[in-house]
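Q: Here it is: the structure, laid out below.
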Amino acid sequence: MSIQETRIVLKNIGKIDPYRIEDYINAGGYEGLKKALQMKPVDIIDELMDAGLRGRGGAGFSTGMKQKFTSESCQRCPQRYVVVNADEGEPGTFKDRVIMEQDPHLYLEGTIIAARAIQATKGYIYIRGEYHESIKATQKAIEDAYAAGFLGKDILGSGFDFDVEIKLGAGSYLCGEELTMLESLEGKRGNPRIKPPFPAEKGVFGMPTLVNNVETLANAPLIILHGKDWYRKYGTERSPGTKVFTISGQVNAPGHYEVPFGVSLQQLIDLAGGIRDGKRFKAALLGGAAGTFVDASMLDERMTYDNLREKGATLGSGAVIVMAEGDPVYDILHNCLRFFRHESCGKCVPCRVGTTQLVLQADKLKEGGGDKEALLKQMVRESEIMAGTSLCPLGQSPILPLESAARYFSKELCTTQH
Ligand SMILES: Cc1cc2nc3c(=O)[nH]c(=O)nc-3n(C[C@H](O)[C@H](O)[C@H](O)COP(=O)(O)O)c2cc1C
Ligand code: SF4
C-alpha cells in the first residue's frame, strides 16, 4: 500500500519564510513555549516521557528520561546546560539541515522548552561549520527570539532566564558524538571522553548537560502544545510520532520524507519515487556509515527502532541509501571503511590500527586470488574485537556495515571482481 507524507515536524517547510519570526508565530509558533512556561518543569518532563519521544540523533533514547536524569543530578551545581547537537555528520543524513534552514524557530522553541524542563539558563547550538545556511537562519532566529522576549531574562514575564549561542564545529564526524562535542565546546581537541560520567551528570564545563538532536527538540513544542495523546496517534506504541527519513541513492526522487514510525522500507522507497530506471531493489544501507545493510528480504519490515534492532538492522539517524540491481555493495562498504579510517581520532590502538587494517583488507578483497571467504570472516572478527575494545562508539561502529554486508552479500563480496 502506498503512503503519503505525514508532516508534523516539517509542517511549516516551504510555507513560511524562515527569516520572519512573524510567519512562525502566525503558524502557531511559540504557543508550546507559552504553555510550557505555565507548567512545572517536572510536568514538562513527564509529558515528553509519556508521549514516548525518543532521541532522533541515532540511539533512540527516551528524551524525557534524559531530561529527568539531568534535572535531578548535582543539585548543588551552579549551572545546567542544554546543548543542541546540530553537527549532522552521519553520511546520507540531512534532516536537521532542513529544519535548521527552513524552520529554525521550531527547534529553537524546543530548546527553550528543554531548558525550562531541566532549569538550564545557558545553551549552545553546536552546528557543523559547513552548514552556512543553517548557521545564518539560526542566528537570525536567535536574534529575533531575543527581540520578541522568547530568550534572555525573564522570558515572557515568567521569571525564567535562558541565553543561547551558536558554536561551530569544524567538520569532524567524531565531534557529533556527545562527549567529544562537549570537549570541542570547551575549546579542546575533539577527543572523546570516557563514559561514565554521562553528560547528564558531568557535561560541558563539568556541569549537568542535556544533549539533544535538532529533530528531537523540534518535536517538543508540538508535544507540549497538543499533548501526549495527540502525539501517540502517530507511529507505534514503542516508537511514537514521526521520523524524518533522508532517502538517497538509486531512487527517482531523493530527499527528506516525514512519515509515522512503522511504515515499511518498501513504502519509503515508493514515497521517494521508486527505484530509478525501473530497476529492481538490491540493498539499502540504513542509518549511514554507522548503520547496517539490508537486502530485499527486509523490504516489508516496519521502520521502528525496536523492530529493526530485533532484525539485526539499525534505524539510526534515518538515512536510507538505496542500491539497485547491479550496484556493487563492495563500493559502499569500502567507502564506509575508508570513512572510519579518516574519522578515527587515533587516541586508542584498536580503532587507530583496526580502521586502517580493515581498509587494507578490503583492498585485498578486490584483488584476485587468496581465500576471500576466510578474509571476510577475519575482517568481521576483527571488527568485533574493535567493538569490544575501542574507547568510544566510533571504533564500535565498523562492525555494523561490515557484519551486515557479510551476512547478506558474502557471496558477492567474495566472488566478484570489484
Ligand atoms: C561518531 C558519532 C557521531 C555522532 N554524530 C551525531 C550527529 O551528528 N548528530 C546527532 O544528533 N547525534 C550524533 N551522534 C549521537 C550523539 O552522541 C547523541 O547520542 C545525540 O546527540 C543525543 O541526542 P538525542 O537523544 O536527541 O538523539 C553521534 C554519535 C556518534 C557515536
Ligand atoms: S575508538 Fe577511535 S575515534 Fe574513538 S577514541 Fe578510539 S581512536 Fe578515537
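Numbering starts fresh at 1 for the residues of each chain in the C-alpha cells, the chains themselves are lettered A, B, ... in the order given, and ligands are numbered from 1 as they appear.
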Hey, which bits of chain A sit within 6 Å of ligand 1, and for each residue what's the closest pair of atoms and how far apart in Å (one decimal), counting only C-alpha atoms and all ligand atoms, rows by chain and increasing number, as a Markdown table?

A:
| residue | atom | partner | partner_atom_place_in_ligand_line | distance |
| --- | --- | --- | --- | --- |
| A:Gly55 | CA | ligand 1 | 27 (O) | 3.3 |
| A:Arg56 | CA | ligand 1 | 27 (O) | 4.2 |
| A:Gly57 | CA | ligand 1 | 27 (O) | 3.3 |
| A:Gly58 | CA | ligand 1 | 27 (O) | 5.4 |
| A:Ala59 | CA | ligand 1 | 19 (O) | 5.7 |
| A:Gly60 | CA | ligand 1 | 27 (O) | 5.9 |
| A:Phe61 | CA | ligand 1 | 25 (O) | 5.5 |
| A:Thr63 | CA | ligand 1 | 25 (O) | 5.9 |
| A:Asn85 | CA | ligand 1 | 11 (O) | 4.6 |
| A:Ala86 | CA | ligand 1 | 9 (N) | 5.7 |
| A:Asp87 | CA | ligand 1 | 8 (O) | 4.2 |
| A:Glu88 | CA | ligand 1 | 8 (O) | 3.3 |
| A:Gly89 | CA | ligand 1 | 8 (O) | 4.2 |
| A:Glu90 | CA | ligand 1 | 8 (O) | 5.8 |
| A:Tyr173 | CA | ligand 1 | 3 (C) | 5.6 |
| A:Leu174 | CA | ligand 1 | 1 (C) | 4.4 |
| A:Gly176 | CA | ligand 1 | 5 (N) | 3.4 |
| A:Glu177 | CA | ligand 1 | 17 (O) | 3.5 |
| A:Glu178 | CA | ligand 1 | 17 (O) | 3.9 |
| A:Val211 | CA | ligand 1 | 23 (O) | 5.5 |
| A:Asn212 | CA | ligand 1 | 26 (O) | 3.4 |
| A:Asn213 | CA | ligand 1 | 26 (O) | 3.8 |
| A:Thr216 | CA | ligand 1 | 26 (O) | 4.8 |
| A:Pro393 | CA | ligand 1 | 31 (C) | 4.5 |
| A:Leu394 | CA | ligand 1 | 1 (C) | 4.7 |

Q: Please list as a PDB file with N, CA and C atoms, in the first residue's frame every residue within 9 Å of segment 341-356 of chain A, counting only C-alpha atoms and excluding residues in the same chain fewer than 2 positions away.

A:
ATOM      1  N   SER A 172      34.447  17.526  11.941  1.00  0.00           N
ATOM      2  CA  SER A 172      34.859  16.209  12.441  1.00  0.00           C
ATOM      3  C   SER A 172      33.617  15.384  12.770  1.00  0.00           C
ATOM      4  N   TYR A 173      33.539  14.196  12.170  1.00  0.00           N
ATOM      5  CA  TYR A 173      32.405  13.288  12.437  1.00  0.00           C
ATOM      6  C   TYR A 173      32.324  12.971  13.921  1.00  0.00           C
ATOM      7  N   LEU A 174      33.488  12.738  14.519  1.00  0.00           N
ATOM      8  CA  LEU A 174      33.538  12.339  15.914  1.00  0.00           C
ATOM      9  C   LEU A 174      32.979  13.424  16.830  1.00  0.00           C
ATOM     10  N   GLY A 190      39.042  17.573  19.611  1.00  0.00           N
ATOM     11  CA  GLY A 190      37.881  16.681  19.600  1.00  0.00           C
ATOM     12  C   GLY A 190      38.218  15.234  19.869  1.00  0.00           C
ATOM     13  N   ASN A 191      38.661  14.946  21.070  1.00  0.00           N
ATOM     14  CA  ASN A 191      38.879  13.566  21.514  1.00  0.00           C
ATOM     15  C   ASN A 191      37.743  13.185  22.455  1.00  0.00           C
ATOM     16  N   PRO A 192      37.286  11.921  22.388  1.00  0.00           N
ATOM     17  CA  PRO A 192      36.162  11.550  23.260  1.00  0.00           C
ATOM     18  C   PRO A 192      36.557  11.443  24.724  1.00  0.00           C
ATOM     19  N   CYS A 336      32.537   3.176   3.449  1.00  0.00           N
ATOM     20  CA  CYS A 336      32.279   3.264   4.899  1.00  0.00           C
ATOM     21  C   CYS A 336      33.582   3.028   5.659  1.00  0.00           C
ATOM     22  N   LEU A 337      34.320   2.015   5.248  1.00  0.00           N
ATOM     23  CA  LEU A 337      35.548   1.676   5.982  1.00  0.00           C
ATOM     24  C   LEU A 337      36.589   2.787   5.849  1.00  0.00           C
ATOM     25  N   ARG A 338      36.664   3.368   4.657  1.00  0.00           N
ATOM     26  CA  ARG A 338      37.615   4.487   4.483  1.00  0.00           C
ATOM     27  C   ARG A 338      37.189   5.692   5.314  1.00  0.00           C
ATOM     28  N   PHE A 339      35.883   5.870   5.408  1.00  0.00           N
ATOM     29  CA  PHE A 339      35.339   6.965   6.215  1.00  0.00           C
ATOM     30  C   PHE A 339      35.762   6.803   7.683  1.00  0.00           C
ATOM     31  N   LEU A 358      41.300  -2.649   8.332  1.00  0.00           N
ATOM     32  CA  LEU A 358      40.076  -3.037   7.615  1.00  0.00           C
ATOM     33  C   LEU A 358      40.088  -2.509   6.180  1.00  0.00           C
ATOM     34  N   VAL A 359      40.627  -1.315   5.989  1.00  0.00           N
ATOM     35  CA  VAL A 359      40.690  -0.771   4.618  1.00  0.00           C
ATOM     36  C   VAL A 359      41.683  -1.590   3.788  1.00  0.00           C
ATOM     37  N   LEU A 360      42.820  -1.927   4.394  1.00  0.00           N
ATOM     38  CA  LEU A 360      43.827  -2.716   3.653  1.00  0.00           C
ATOM     39  C   LEU A 360      43.250  -4.087   3.283  1.00  0.00           C
ATOM     40  N   GLN A 361      42.494  -4.672   4.213  1.00  0.00           N
ATOM     41  CA  GLN A 361      41.897  -5.980   3.936  1.00  0.00           C
ATOM     42  C   GLN A 361      40.801  -5.861   2.875  1.00  0.00           C
ATOM     43  N   GLU A 382      37.692  -9.174  13.363  1.00  0.00           N
ATOM     44  CA  GLU A 382      38.500  -8.042  13.854  1.00  0.00           C
ATOM     45  C   GLU A 382      37.614  -6.849  14.252  1.00  0.00           C
ATOM     46  N   SER A 383      36.565  -6.647  13.464  1.00  0.00           N
ATOM     47  CA  SER A 383      35.685  -5.519  13.809  1.00  0.00           C
ATOM     48  C   SER A 383      34.933  -5.811  15.107  1.00  0.00           C
ATOM     49  N   ILE A 385      36.302  -7.475  17.612  1.00  0.00           N
ATOM     50  CA  ILE A 385      37.298  -7.194  18.659  1.00  0.00           C
ATOM     51  C   ILE A 385      37.392  -5.677  18.863  1.00  0.00           C
ATOM     52  N   MET A 386      37.367  -4.946  17.751  1.00  0.00           N
ATOM     53  CA  MET A 386      37.392  -3.479  17.867  1.00  0.00           C
ATOM     54  C   MET A 386      36.199  -2.980  18.681  1.00  0.00           C
ATOM     55  N   ALA A 387      35.033  -3.571  18.390  1.00  0.00           N
ATOM     56  CA  ALA A 387      33.809  -3.127  19.090  1.00  0.00           C
ATOM     57  C   ALA A 387      33.935  -3.366  20.590  1.00  0.00           C
ATOM     58  N   THR A 389      36.791  -3.427  22.316  1.00  0.00           N
ATOM     59  CA  THR A 389      37.976  -2.856  22.975  1.00  0.00           C
ATOM     60  C   THR A 389      38.199  -1.365  22.703  1.00  0.00           C
ATOM     61  N   SER A 390      37.443  -0.788  21.775  1.00  0.00           N
ATOM     62  CA  SER A 390      37.673   0.628  21.452  1.00  0.00           C
ATOM     63  C   SER A 390      37.099   1.518  22.538  1.00  0.00           C
ATOM     64  N   LEU A 391      37.694   2.677  22.639  1.00  0.00           N
ATOM     65  CA  LEU A 391      37.311   3.607  23.702  1.00  0.00           C
ATOM     66  C   LEU A 391      35.940   4.243  23.483  1.00  0.00           C
ATOM     67  N   CYS A 392      35.597   4.534  22.244  1.00  0.00           N
ATOM     68  CA  CYS A 392      34.348   5.275  22.021  1.00  0.00           C
ATOM     69  C   CYS A 392      33.535   4.617  20.901  1.00  0.00           C
ATOM     70  N   LEU A 394      32.895   5.263  17.924  1.00  0.00           N
ATOM     71  CA  LEU A 394      33.359   5.229  16.530  1.00  0.00           C
ATOM     72  C   LEU A 394      34.047   3.898  16.223  1.00  0.00           C
ATOM     73  N   GLY A 395      34.911   3.469  17.147  1.00  0.00           N
ATOM     74  CA  GLY A 395      35.608   2.199  16.941  1.00  0.00           C
ATOM     75  C   GLY A 395      34.664   1.011  17.063  1.00  0.00           C
ATOM     76  N   GLN A 396      33.484   1.264  17.639  1.00  0.00           N
ATOM     77  CA  GLN A 396      32.493   0.186  17.792  1.00  0.00           C
ATOM     78  C   GLN A 396      31.550   0.134  16.588  1.00  0.00           C
ATOM     79  N   PRO A 398      32.412   0.080  12.868  1.00  0.00           N
ATOM     80  CA  PRO A 398      32.655  -0.650  11.607  1.00  0.00           C
ATOM     81  C   PRO A 398      32.003  -2.022  11.550  1.00  0.00           C
TER      82      PRO A 398
END

Q: Please list as a ChimeraX atom specification every residue within 10 Å of Val42 of chain A, counting only C-alpha atoms and excluding residues in the same chain fewer than 3 positions away.

A: /A:39,45-47,64,67-68,71,116-119

Q: Would you mind exporting the chosen residues as a PDB file, in the first residue's frame, restricted to N, CA and C atoms?

A:
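Full text of again_1.pdb as output:
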ATOM      1  N   MET A  39       3.721  25.601  32.998  1.00  0.00           N
ATOM      2  CA  MET A  39       3.777  24.259  33.612  1.00  0.00           C
ATOM      3  C   MET A  39       4.950  24.170  34.590  1.00  0.00           C
ATOM      4  N   ILE A  45       8.668  17.441  31.688  1.00  0.00           N
ATOM      5  CA  ILE A  45       9.431  16.188  31.526  1.00  0.00           C
ATOM      6  C   ILE A  45       8.477  14.996  31.428  1.00  0.00           C
ATOM      7  N   ASP A  46       7.479  14.966  32.310  1.00  0.00           N
ATOM      8  CA  ASP A  46       6.524  13.845  32.301  1.00  0.00           C
ATOM      9  C   ASP A  46       5.751  13.785  30.986  1.00  0.00           C
ATOM     10  N   GLU A  47       5.387  14.957  30.468  1.00  0.00           N
ATOM     11  CA  GLU A  47       4.618  14.988  29.218  1.00  0.00           C
ATOM     12  C   GLU A  47       5.450  14.392  28.063  1.00  0.00           C
ATOM     13  N   GLY A  64      12.489  12.293  27.647  1.00  0.00           N
ATOM     14  CA  GLY A  64      12.008  12.663  28.979  1.00  0.00           C
ATOM     15  C   GLY A  64      12.901  12.082  30.068  1.00  0.00           C
ATOM     16  N   GLN A  67      16.038  14.021  30.313  1.00  0.00           N
ATOM     17  CA  GLN A  67      15.784  15.299  30.987  1.00  0.00           C
ATOM     18  C   GLN A  67      15.667  15.095  32.496  1.00  0.00           C
ATOM     19  N   LYS A  68      15.018  13.985  32.868  1.00  0.00           N
ATOM     20  CA  LYS A  68      14.836  13.686  34.297  1.00  0.00           C
ATOM     21  C   LYS A  68      16.204  13.508  34.969  1.00  0.00           C
ATOM     22  N   SER A  71      17.956  16.882  35.188  1.00  0.00           N
ATOM     23  CA  SER A  71      17.388  17.842  36.147  1.00  0.00           C
ATOM     24  C   SER A  71      17.618  17.393  37.587  1.00  0.00           C
ATOM     25  N   ARG A 116      13.831  24.989  30.067  1.00  0.00           N
ATOM     26  CA  ARG A 116      12.856  25.206  31.144  1.00  0.00           C
ATOM     27  C   ARG A 116      12.646  23.892  31.935  1.00  0.00           C
ATOM     28  N   ALA A 117      12.568  22.773  31.196  1.00  0.00           N
ATOM     29  CA  ALA A 117      12.314  21.480  31.842  1.00  0.00           C
ATOM     30  C   ALA A 117      13.432  21.108  32.813  1.00  0.00           C
ATOM     31  N   ILE A 118      14.681  21.366  32.406  1.00  0.00           N
ATOM     32  CA  ILE A 118      15.791  20.955  33.298  1.00  0.00           C
ATOM     33  C   ILE A 118      16.330  22.147  34.083  1.00  0.00           C
ATOM     34  N   GLN A 119      15.706  23.294  33.929  1.00  0.00           N
ATOM     35  CA  GLN A 119      16.103  24.536  34.596  1.00  0.00           C
ATOM     36  C   GLN A 119      17.543  24.934  34.279  1.00  0.00           C
TER      37      GLN A 119
END

Q: Name the residues in contact with segment 290-306 of chain A at a cut-off of 6 Å, using only C-alpha atoms, excluding same-chain residues fewer than 6 positions from it; report them as a list of chain:residue names.

A: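 In the requested form, the answer reads A:Phe261, A:Gly262, A:Val263, A:Ser264, A:Leu265, A:Gln266, A:Ala283, A:Ala284, A:Ala313, A:Thr314, A:Leu315, A:Ser397, A:Leu400, A:Pro401, A:Ser404, A:Ala405.
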
Q: For atom CA of Ala145 of chain A and atom CA of Tyr30 of chain A, quote the distance in Å rounded to one decimal.

A: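 Separation of atom CA of Ala145 of chain A and atom CA of Tyr30 of chain A: 9.6 Å.
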
Q: Among segment 157-362 of chain A, which ones does DSSP assign to strand (DSSP E or B) (computed from the backbone)? Answer as a count of residues only.

A: 49

Q: Near segment 127-140 of chain A, within 9 Å and counting only C-alpha atoms, which residues show up once chain neighbours fewer than 2 positions away are dropped, as a PyMOL selection string?

A: chain A and resi 18-20+84-89+96-105+108+125+142-145+165-172+176
